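Dumped run36.txt below, it's compact mmCIF, C-alpha atoms:
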# COMPACT_ATOMS: atom_id res chain seq x y z
CA MET A 1 -32.56 22.04 -1.95
CA ALA A 2 -30.06 21.38 -4.72
CA LEU A 3 -26.33 21.85 -4.43
CA ASN A 4 -24.52 24.74 -6.05
CA ARG A 5 -23.08 23.09 -9.15
CA GLU A 6 -20.63 25.95 -9.67
CA MET A 7 -18.63 25.27 -6.52
CA LYS A 8 -14.95 24.52 -7.02
CA ILE A 9 -13.92 21.07 -5.77
CA LEU A 10 -10.37 19.84 -5.12
CA VAL A 11 -9.90 16.07 -5.49
CA VAL A 12 -6.84 14.71 -3.64
CA ASP A 13 -5.66 11.11 -4.16
CA ASP A 14 -2.29 9.53 -4.93
CA PHE A 15 -3.87 7.02 -7.34
CA SER A 16 -4.57 8.69 -10.68
CA THR A 17 -7.29 6.12 -11.43
CA MET A 18 -9.19 7.12 -8.32
CA ARG A 19 -8.86 10.84 -9.05
CA ARG A 20 -10.20 10.24 -12.51
CA ILE A 21 -13.13 8.19 -11.20
CA VAL A 22 -14.09 10.80 -8.58
CA ILE A 23 -13.81 13.65 -11.10
CA ASN A 24 -15.99 11.72 -13.57
CA LEU A 25 -18.55 10.97 -10.89
CA LEU A 26 -18.63 14.63 -9.90
CA LYS A 27 -19.15 15.51 -13.56
CA GLU A 28 -22.04 13.05 -13.71
CA LEU A 29 -23.51 14.81 -10.69
CA GLY A 30 -23.18 18.13 -12.50
CA PHE A 31 -20.00 19.45 -10.86
CA ASN A 32 -17.63 20.49 -13.64
CA ASN A 33 -15.47 22.93 -11.69
CA THR A 34 -12.85 20.50 -10.35
CA ALA A 35 -9.08 20.39 -9.83
CA GLU A 36 -6.81 17.57 -8.67
CA ALA A 37 -3.75 16.99 -6.47
CA ASP A 38 -1.78 13.79 -5.88
CA ASP A 39 -1.19 14.26 -2.16
CA GLY A 40 -1.63 16.69 0.74
CA GLU A 41 1.64 18.41 -0.01
CA THR A 42 0.49 19.37 -3.51
CA ALA A 43 -3.03 20.18 -2.32
CA TRP A 44 -2.02 22.54 0.49
CA PRO A 45 -0.58 25.44 -1.59
CA MET A 46 -3.50 25.09 -4.02
CA LEU A 47 -5.96 25.50 -1.16
CA GLN A 48 -3.98 28.39 0.29
CA SER A 49 -4.14 30.26 -3.00
CA GLY A 50 -7.91 30.29 -2.44
CA GLY A 51 -11.07 29.78 -4.46
CA TYR A 52 -11.93 26.25 -3.35
CA ASP A 53 -15.36 25.47 -1.89
CA PHE A 54 -15.02 21.74 -1.18
CA VAL A 55 -12.29 19.10 -0.69
CA VAL A 56 -12.67 15.41 -1.51
CA SER A 57 -9.57 13.61 -0.23
CA ASP A 58 -8.00 10.21 0.29
CA TRP A 59 -6.32 9.41 3.62
CA ASN A 60 -3.33 7.17 2.92
CA MET A 61 -0.99 9.21 0.69
CA PRO A 62 2.79 9.80 0.60
CA ASN A 63 4.41 13.07 1.81
CA MET A 64 1.27 14.49 3.42
CA THR A 65 -1.66 12.26 4.38
CA GLY A 66 -5.31 13.24 4.29
CA LEU A 67 -5.29 13.56 8.09
CA ASP A 68 -2.31 15.95 8.02
CA LEU A 69 -4.01 17.99 5.31
CA LEU A 70 -7.25 18.14 7.30
CA GLU A 71 -5.41 19.26 10.43
CA LYS A 72 -3.65 22.01 8.49
CA ILE A 73 -6.96 23.18 7.04
CA ARG A 74 -8.68 23.23 10.44
CA ALA A 75 -5.77 25.17 11.94
CA ASP A 76 -5.82 27.83 9.22
CA LYS A 77 -7.85 30.94 9.94
CA ASP A 78 -9.02 31.35 6.32
CA LEU A 79 -9.69 27.71 5.52
CA ASN A 80 -10.95 26.25 8.79
CA CYS A 81 -14.58 26.07 7.60
CA LEU A 82 -13.79 24.39 4.28
CA PRO A 83 -15.97 21.25 3.81
CA PHE A 84 -13.73 18.16 3.83
CA LEU A 85 -15.03 14.81 2.60
CA LEU A 86 -12.76 11.79 3.09
CA ILE A 87 -12.88 8.82 0.70
CA THR A 88 -10.68 6.04 2.03
CA ALA A 89 -10.07 2.32 2.37
CA GLU A 90 -9.27 2.80 6.07
CA ALA A 91 -12.30 1.63 8.01
CA LYS A 92 -11.37 0.88 11.63
CA ARG A 93 -13.74 2.40 14.19
CA ASN A 94 -10.86 4.17 15.91
CA GLN A 95 -9.74 5.68 12.62
CA ILE A 96 -13.22 6.96 11.84
CA LEU A 97 -13.55 8.43 15.34
CA GLY A 98 -10.07 9.98 15.08
CA MET A 99 -10.97 11.61 11.78
CA ALA A 100 -14.20 12.96 13.26
CA GLU A 101 -12.16 14.42 16.10
CA ALA A 102 -9.82 16.06 13.58
CA GLY A 103 -12.85 17.75 12.04
CA VAL A 104 -13.80 15.71 8.97
CA ASP A 105 -17.25 16.56 7.53
CA GLY A 106 -17.95 13.26 5.80
CA TYR A 107 -16.37 9.80 5.61
CA ILE A 108 -16.84 7.40 2.69
CA VAL A 109 -15.28 3.92 2.70
CA LYS A 110 -13.95 2.58 -0.60
CA PRO A 111 -15.34 0.98 -2.68
CA PHE A 112 -18.30 3.36 -2.83
CA SER A 113 -21.25 4.22 -5.07
CA ALA A 114 -22.12 7.39 -6.96
CA SER A 115 -25.22 7.84 -4.82
CA THR A 116 -23.16 7.63 -1.58
CA LEU A 117 -20.93 10.41 -2.89
CA TYR A 118 -23.89 12.62 -3.74
CA GLU A 119 -25.69 11.96 -0.44
CA GLN A 120 -22.58 12.75 1.59
CA MET A 121 -21.91 15.97 -0.35
CA TYR A 122 -25.53 17.00 0.01
CA GLN A 123 -25.55 16.34 3.76
CA ILE A 124 -22.31 18.24 4.29
CA ILE A 125 -23.49 21.31 2.40
CA GLU A 126 -26.85 21.26 4.19
CA ARG A 127 -25.17 21.00 7.59
CA LYS A 128 -22.77 23.84 6.78
CA ARG A 129 -25.69 25.97 5.63
CA VAL A 130 -27.56 25.47 8.90
CA GLN A 131 -24.45 26.36 10.88
CA MET B 1 28.92 -28.39 35.97
CA ALA B 2 25.26 -27.73 36.64
CA SER B 3 25.71 -27.86 40.43
CA SER B 4 28.45 -25.24 40.34
CA THR B 5 26.31 -22.82 38.32
CA HIS B 6 23.44 -22.93 40.79
CA ILE B 7 23.22 -21.11 44.05
CA ASN B 8 23.19 -23.72 46.82
CA LYS B 9 21.61 -23.48 50.23
CA GLN B 10 24.95 -23.97 51.99
CA ASN B 11 26.45 -20.84 50.41
CA VAL B 12 23.46 -18.75 51.41
CA LYS B 13 23.49 -20.19 54.91
CA SER B 14 27.20 -19.36 55.30
CA LEU B 15 26.53 -15.82 54.07
CA LEU B 16 23.78 -15.38 56.67
CA GLU B 17 26.00 -16.74 59.41
CA ALA B 18 28.85 -14.42 58.44
CA LEU B 19 26.48 -11.46 58.48
CA GLU B 20 25.04 -12.46 61.88
CA GLN B 21 28.57 -12.79 63.28
CA GLY B 22 29.45 -9.38 61.87
CA ASP B 23 32.28 -10.94 59.82
CA GLU B 24 32.14 -8.45 56.96
CA THR B 25 35.19 -9.69 55.10
CA ARG B 26 33.86 -13.22 54.96
CA ALA B 27 30.35 -12.02 54.05
CA GLU B 28 31.72 -10.01 51.16
CA ALA B 29 33.81 -12.91 49.92
CA LEU B 30 30.77 -15.22 50.05
CA LEU B 31 28.60 -12.66 48.27
CA ASP B 32 31.21 -12.35 45.52
CA GLU B 33 31.20 -16.11 45.14
CA LEU B 34 27.42 -16.16 44.78
CA THR B 35 27.41 -13.35 42.21
CA GLN B 36 30.12 -15.08 40.24
CA VAL B 37 27.95 -18.17 39.99
CA ARG B 38 25.12 -16.03 38.52
CA GLU B 39 27.47 -14.24 36.14
CA SER B 40 29.04 -17.42 34.90
CA GLU B 41 25.57 -18.86 34.21
CA LEU B 42 24.64 -15.78 32.17
CA PHE B 43 27.97 -15.92 30.41
CA GLN B 44 27.37 -19.53 29.45
CA GLN B 45 23.95 -18.73 28.03
CA VAL B 46 25.28 -15.84 25.94
CA SER B 47 28.15 -17.95 24.74
CA SER B 48 25.81 -20.75 23.70
CA LEU B 49 23.62 -18.26 21.81
CA THR B 50 26.66 -16.82 20.04
CA HIS B 51 27.81 -20.30 19.17
CA ASN B 52 24.42 -21.18 17.67
CA LEU B 53 24.29 -17.96 15.67
CA HIS B 54 27.81 -18.52 14.45
CA GLN B 55 26.96 -22.03 13.33
CA THR B 56 23.85 -20.81 11.52
CA LEU B 57 25.83 -18.13 9.70
CA GLU B 58 28.64 -20.56 8.87
CA GLY B 59 26.03 -22.95 7.57
CA LEU B 60 24.87 -20.37 5.02
CA GLY B 61 27.75 -21.48 2.81
CA ASP B 62 26.32 -22.00 -0.64
CA ALA B 63 22.86 -22.38 0.84
CA GLU B 64 19.74 -21.75 -1.18
CA ILE B 65 18.98 -18.73 1.02
CA LEU B 66 21.84 -16.78 -0.62
CA LEU B 67 20.48 -17.47 -4.08
CA GLN B 68 16.94 -16.71 -2.96
CA THR B 69 17.98 -13.40 -1.46
CA LYS B 70 19.95 -12.39 -4.50
CA HIS B 71 17.63 -13.65 -7.23
CA ASP B 72 14.16 -14.70 -6.08
CA ILE B 73 13.23 -11.81 -3.81
CA PRO B 74 14.02 -9.08 -6.38
CA ASP B 75 12.20 -11.21 -8.96
CA ALA B 76 9.10 -11.39 -6.75
CA THR B 77 9.17 -7.61 -6.22
CA GLU B 78 9.53 -6.99 -9.94
CA ARG B 79 6.54 -9.23 -10.64
CA LEU B 80 4.38 -7.41 -8.09
CA GLU B 81 5.38 -4.09 -9.62
CA TYR B 82 4.31 -5.46 -13.00
CA VAL B 83 0.89 -6.31 -11.55
CA MET B 84 0.63 -2.72 -10.27
CA THR B 85 1.45 -1.26 -13.69
CA ALA B 86 -0.68 -3.72 -15.64
CA THR B 87 -3.80 -3.16 -13.53
CA GLU B 88 -3.28 0.60 -13.63
CA GLU B 89 -2.99 0.55 -17.43
CA ALA B 90 -6.08 -1.64 -17.77
CA SER B 91 -8.07 0.62 -15.45
CA ASN B 92 -7.03 3.71 -17.36
CA LYS B 93 -7.98 2.15 -20.70
CA THR B 94 -11.39 1.20 -19.34
CA LEU B 95 -11.86 4.69 -17.91
CA GLU B 96 -10.90 6.31 -21.23
CA SER B 97 -13.37 4.11 -23.13
CA SER B 98 -16.14 4.82 -20.64
CA GLU B 99 -15.50 8.56 -20.84
CA ARG B 100 -15.61 8.51 -24.65
CA ALA B 101 -18.75 6.36 -24.64
CA LEU B 102 -20.47 8.72 -22.17
CA ALA B 103 -19.59 11.74 -24.31
CA ALA B 104 -20.85 10.00 -27.49
CA LEU B 105 -24.02 8.98 -25.68
CA SER B 106 -24.92 12.50 -24.68
CA GLN B 107 -24.28 13.68 -28.27
CA LEU B 108 -26.41 10.85 -29.60
CA GLU B 109 -29.24 11.77 -27.26
CA MET B 110 -29.17 15.38 -28.45
CA LEU B 111 -29.16 14.32 -32.09
CA MET B 112 -31.89 11.73 -31.72
CA SER B 113 -34.26 13.67 -29.54
CA PRO B 114 -35.76 15.93 -32.26
CA LEU B 115 -36.01 13.01 -34.67
CA VAL B 116 -37.91 10.65 -32.41
CA ALA B 117 -41.70 10.62 -32.42
CA GLU B 118 -43.32 12.11 -29.33
CA GLU B 119 -44.53 8.74 -28.03
CA ASP B 120 -41.01 7.27 -28.24
CA LYS B 121 -39.27 10.09 -26.38
CA ALA B 122 -39.80 8.47 -22.99
CA LEU B 123 -38.29 5.23 -24.22
CA LEU B 124 -35.28 7.08 -25.67
CA SER B 125 -34.54 8.86 -22.44
CA GLU B 126 -35.02 5.64 -20.47
CA CYS B 127 -32.50 3.88 -22.75
CA THR B 128 -29.91 6.65 -22.49
CA ALA B 129 -30.36 6.82 -18.73
CA THR B 130 -29.71 3.08 -18.46
CA LEU B 131 -26.63 3.31 -20.68
CA ASN B 132 -25.41 6.26 -18.67
CA SER B 133 -25.77 4.46 -15.39
CA GLU B 134 -24.16 1.25 -16.71
CA LEU B 135 -21.17 3.20 -18.03
CA THR B 136 -20.84 4.91 -14.67
CA ASN B 137 -20.89 1.48 -13.00
CA ILE B 138 -18.09 0.29 -15.29
CA MET B 139 -16.11 3.38 -14.38
CA LEU B 140 -16.69 2.96 -10.67
CA ALA B 141 -15.65 -0.70 -10.80
CA GLN B 142 -12.17 0.50 -11.78
CA SER B 143 -11.67 1.74 -8.24
CA PHE B 144 -10.44 -1.79 -7.49
CA GLN B 145 -7.06 -0.62 -8.81
CA ASP B 146 -6.66 1.82 -5.96
CA LEU B 147 -7.50 -0.84 -3.36
CA THR B 148 -5.39 -3.66 -4.81
CA GLY B 149 -2.60 -1.13 -5.45
CA GLN B 150 -2.51 -0.14 -1.78
CA VAL B 151 -2.33 -3.80 -0.77
CA LEU B 152 0.46 -4.50 -3.28
CA ASN B 153 2.43 -1.47 -2.11
CA ARG B 154 2.30 -2.79 1.42
CA VAL B 155 3.42 -6.29 0.40
CA ILE B 156 6.29 -4.82 -1.66
CA LEU B 157 7.37 -2.86 1.42
CA VAL B 158 7.36 -5.99 3.60
CA ILE B 159 9.37 -7.94 1.02
CA SER B 160 11.94 -5.13 0.70
CA SER B 161 12.43 -4.96 4.44
CA LEU B 162 12.85 -8.76 4.57
CA GLU B 163 15.37 -8.48 1.74
CA GLN B 164 17.36 -5.84 3.65
CA SER B 165 17.45 -8.04 6.78
CA LEU B 166 18.67 -11.02 4.78
CA ILE B 167 21.37 -8.95 3.06
CA ALA B 168 22.55 -7.74 6.48
CA LEU B 169 22.64 -11.36 7.70
CA ILE B 170 24.64 -12.39 4.64
CA HIS B 171 27.22 -9.65 5.28
CA GLU B 172 27.30 -10.61 8.96
CA SER B 173 28.23 -14.15 8.01
CA GLY B 174 31.21 -12.90 6.04
CA HIS B 175 29.71 -13.49 2.59
CA ASP B 176 29.91 -10.96 -0.22
CA TYR B 177 26.38 -10.28 -1.46
CA ASP B 178 27.65 -8.96 -4.79
CA ALA B 179 29.67 -12.10 -5.34
CA ILE B 180 26.70 -14.46 -5.04
CA PRO B 181 26.65 -16.30 -8.39
CA GLU B 182 23.80 -17.02 -10.77
CA ARG B 183 21.93 -20.24 -10.11
CA ALA B 184 23.97 -23.08 -11.57
CA GLN B 185 21.58 -24.59 -14.08
CA THR B 186 22.43 -26.69 -17.09
CA ASP B 187 20.72 -25.89 -20.39
CA GLU B 188 18.70 -29.09 -19.99
CA GLN B 189 17.47 -28.06 -16.54
CA LYS B 190 16.61 -24.62 -17.85
CA LYS B 191 14.67 -26.10 -20.75
CA ALA B 192 12.90 -28.59 -18.48
CA ASP B 193 11.83 -25.70 -16.24
CA GLN B 194 10.63 -23.67 -19.20
CA MET B 195 8.65 -26.59 -20.59
CA LYS B 196 6.62 -26.62 -17.36
CA GLY B 197 5.47 -23.10 -18.25
CA VAL B 198 6.73 -19.96 -16.52
CA GLY B 199 3.83 -17.53 -17.01
CA PRO B 200 4.08 -14.07 -18.56
CA ASN B 201 7.63 -12.80 -19.02
CA VAL B 202 7.33 -9.61 -17.02
CA THR B 203 10.76 -9.18 -15.44
CA ASP B 204 13.79 -7.77 -17.25
CA LYS B 205 15.61 -11.04 -16.86
CA SER B 206 12.75 -13.15 -18.17
CA LYS B 207 12.68 -11.04 -21.34
CA GLU B 208 15.94 -12.66 -22.50
CA ASP B 209 15.54 -14.85 -25.55
CA LEU B 210 11.93 -13.79 -25.97
CA ALA B 211 9.78 -13.82 -29.09
CA GLU B 212 8.22 -10.40 -28.60
CA THR B 213 5.69 -10.25 -31.42
CA GLN B 214 3.51 -12.67 -33.32
CA GLU B 215 5.81 -12.01 -36.30
CA ASP B 216 8.79 -13.28 -34.30
CA VAL B 217 6.82 -16.44 -33.55
CA ASP B 218 5.79 -16.86 -37.19
CA ASP B 219 9.36 -16.32 -38.39
CA LEU B 220 10.72 -18.83 -35.93
CA LEU B 221 8.20 -21.47 -36.99
CA ALA B 222 8.62 -20.63 -40.67
CA GLY B 223 12.29 -21.48 -40.22
CA LEU B 224 11.13 -24.96 -39.26
CA GLY B 225 8.87 -25.22 -42.29
CA LEU B 226 5.63 -24.56 -40.41
Take the structure from the file and write it as structure tokens.
Amino acid sequence: MALNREMKILVVDDFSTMRRIVINLLKELGFNNTAEADDGETAWPMLQSGGYDFVVSDWNMPNMTGLDLLEKIRADKDLNCLPFLLITAEAKRNQILGMAEAGVDGYIVKPFSASTLYEQMYQIIERKRVQ
Amino acid sequence: MASSTHINKQNVKSLLEALEQGDETRAEALLDELTQVRESELFQQVSSLTHNLHQTLEGLGDAEILLQTKHDIPDATERLEYVMTATEEASNKTLESSERALAALSQLEMLMSPLVAEEDKALLSECTATLNSELTNIMLAQSFQDLTGQVLNRVILVISSLEQSLIALIHESGHDYDAIPERAQTDEQKKADQMKGVGPNVTDKSKEDLAETQEDVDDLLAGLGL
């Protein structure tokens, strides 16, 4: 089953290069409905204002990290089911387990490939659909 | 000296005897004596540490460490920041070019498709797919900037904290950080250093006396008849 290419995706990363790369990759995969934020603090009010179907976020960011953002999302009654895919350079087993505990839906370690991004998004959407 | 700073058996024995005899006054006096021995030992150790620290700080004098703290550490930080900016700019340029090339490619494919003979259509779409995927690879390779940037940020943080500790140490030793002079270097020494090659001039200070454009270089050489 194909993914809904109309879904609105928020890309959160403090490095503009990385945001640009992810947004371009998403475009290549057919997702044109994207927005960007440079850290959790900027992302949070955007998410609260509604309309987002998917979050692709970095972990290590100033002001509000990806983990803090994820925790806020999971604690919010309107947003707690929002799919959250983490793309990060952090790769310690404990970190991955901690993120899973916090409720992350997918975890990609940088550097990554376009196909990894697609596979992870596909798996997340499929899983959410079954639930 | 050493014998007086150590608890000896005799003192302990006397203390025990005094206690057994119920002579509280004597026991207390002996206990005080023993404690004093311990305290004086501790005092001596602290005093020796203070003395060493004092000597180290005194020794700073016109030491290289003052000049390094004032000049070399900020220089190193500035150079690392340059690397951050330069790699970010290069990544962005590459991304822009890839984006434009991808857009042109999809236009080209649309334009060419009706013009190509039926038997060549498969080849055309194979070629555009390859170009597409190669351009995406070029784009994805730029993600190095995020990784190296995170590493550089961390190193800059470590250097800054080291710098702060050194500045505190300099103040502690009674030196005025702001009054630390420039490195005393004769023009000959400076020239000798420069003739060894100093790399790209990326810091504000290194931009002094710089030929900024090829024209500047040409003009300078033209003045010498070259």
- Define the interface residues of chain B facing chain A as those within 9 Å, counting only C-alpha atoms, and report them as a count of residues only. 18
- Query: What's the 12 Å shell around A:Arg93, counting all atoms listed in the file, without same-chain residues fewer than 6 positions away, as a list in words?
  - Reply: Met99, Ala100, Tyr107 and Val109 of chain A
- Task: Kindly indicate which residue among A:Thr65, A:Asn94, A:Asn4, A:Ser57 lies nearest to A:Ala35, using only C-alpha atoms for the distances.
- Result: A:Ser57
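Going from atom CA of A:Gly103 over to atom CA of A:Leu79, you cover 12.3 Å.
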- Residues within 7 Å of stretch 28-34 of chain B, only C-alpha atoms, excluding chain neighbours under 3 positions, as a PyMOL selection string: chain B and resi 7+15+24-25+37-38
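By chain and then residue number, the residues within 8 Å of B:Tyr82 are B:Glu78, B:Arg79, B:Thr85, B:Ala86, B:Val202, B:Thr203, counting only C-alpha atoms and disregarding those fewer than 3 positions away in sequence.
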Could you add whatever atoms are missing so that stretch 84-95 of chain A carries N, CA and C atoms, then write the result as a PDB file, in the frame of the given file?
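Okay, part.pdb is ready:
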ATOM      1  N   PHE A  84     -14.753  19.167   4.126  1.00  0.00           N
ATOM      2  CA  PHE A  84     -13.730  18.160   3.830  1.00  0.00           C
ATOM      3  C   PHE A  84     -14.377  16.773   3.866  1.00  0.00           C
ATOM      4  N   LEU A  85     -14.448  16.148   2.691  1.00  0.00           N
ATOM      5  CA  LEU A  85     -15.030  14.810   2.600  1.00  0.00           C
ATOM      6  C   LEU A  85     -13.910  13.802   2.348  1.00  0.00           C
ATOM      7  N   LEU A  86     -13.829  12.784   3.205  1.00  0.00           N
ATOM      8  CA  LEU A  86     -12.760  11.790   3.090  1.00  0.00           C
ATOM      9  C   LEU A  86     -13.301  10.554   2.356  1.00  0.00           C
ATOM     10  N   ILE A  87     -12.537  10.089   1.351  1.00  0.00           N
ATOM     11  CA  ILE A  87     -12.880   8.820   0.700  1.00  0.00           C
ATOM     12  C   ILE A  87     -11.681   7.904   0.889  1.00  0.00           C
ATOM     13  N   THR A  88     -11.848   6.828   1.642  1.00  0.00           N
ATOM     14  CA  THR A  88     -10.680   6.040   2.030  1.00  0.00           C
ATOM     15  C   THR A  88     -10.987   4.552   2.170  1.00  0.00           C
ATOM     16  N   ALA A  89      -9.919   3.753   2.123  1.00  0.00           N
ATOM     17  CA  ALA A  89     -10.070   2.320   2.370  1.00  0.00           C
ATOM     18  C   ALA A  89      -9.908   2.011   3.862  1.00  0.00           C
ATOM     19  N   GLU A  90      -9.439   3.000   4.613  1.00  0.00           N
ATOM     20  CA  GLU A  90      -9.270   2.800   6.070  1.00  0.00           C
ATOM     21  C   GLU A  90     -10.654   2.778   6.710  1.00  0.00           C
ATOM     22  N   ALA A  91     -10.928   1.728   7.504  1.00  0.00           N
ATOM     23  CA  ALA A  91     -12.300   1.630   8.010  1.00  0.00           C
ATOM     24  C   ALA A  91     -12.391   1.145   9.457  1.00  0.00           C
ATOM     25  N   LYS A  92     -11.305   1.275  10.217  1.00  0.00           N
ATOM     26  CA  LYS A  92     -11.370   0.880  11.630  1.00  0.00           C
ATOM     27  C   LYS A  92     -12.146   1.948  12.412  1.00  0.00           C
ATOM     28  N   ARG A  93     -12.930   1.461  13.395  1.00  0.00           N
ATOM     29  CA  ARG A  93     -13.740   2.400  14.190  1.00  0.00           C
ATOM     30  C   ARG A  93     -12.905   3.532  14.769  1.00  0.00           C
ATOM     31  N   ASN A  94     -11.721   3.157  15.303  1.00  0.00           N
ATOM     32  CA  ASN A  94     -10.860   4.170  15.910  1.00  0.00           C
ATOM     33  C   ASN A  94     -10.419   5.220  14.898  1.00  0.00           C
ATOM     34  N   GLN A  95     -10.176   4.751  13.657  1.00  0.00           N
ATOM     35  CA  GLN A  95      -9.740   5.680  12.620  1.00  0.00           C
ATOM     36  C   GLN A  95     -10.866   6.665  12.287  1.00  0.00           C
TER      37      GLN A  95
END
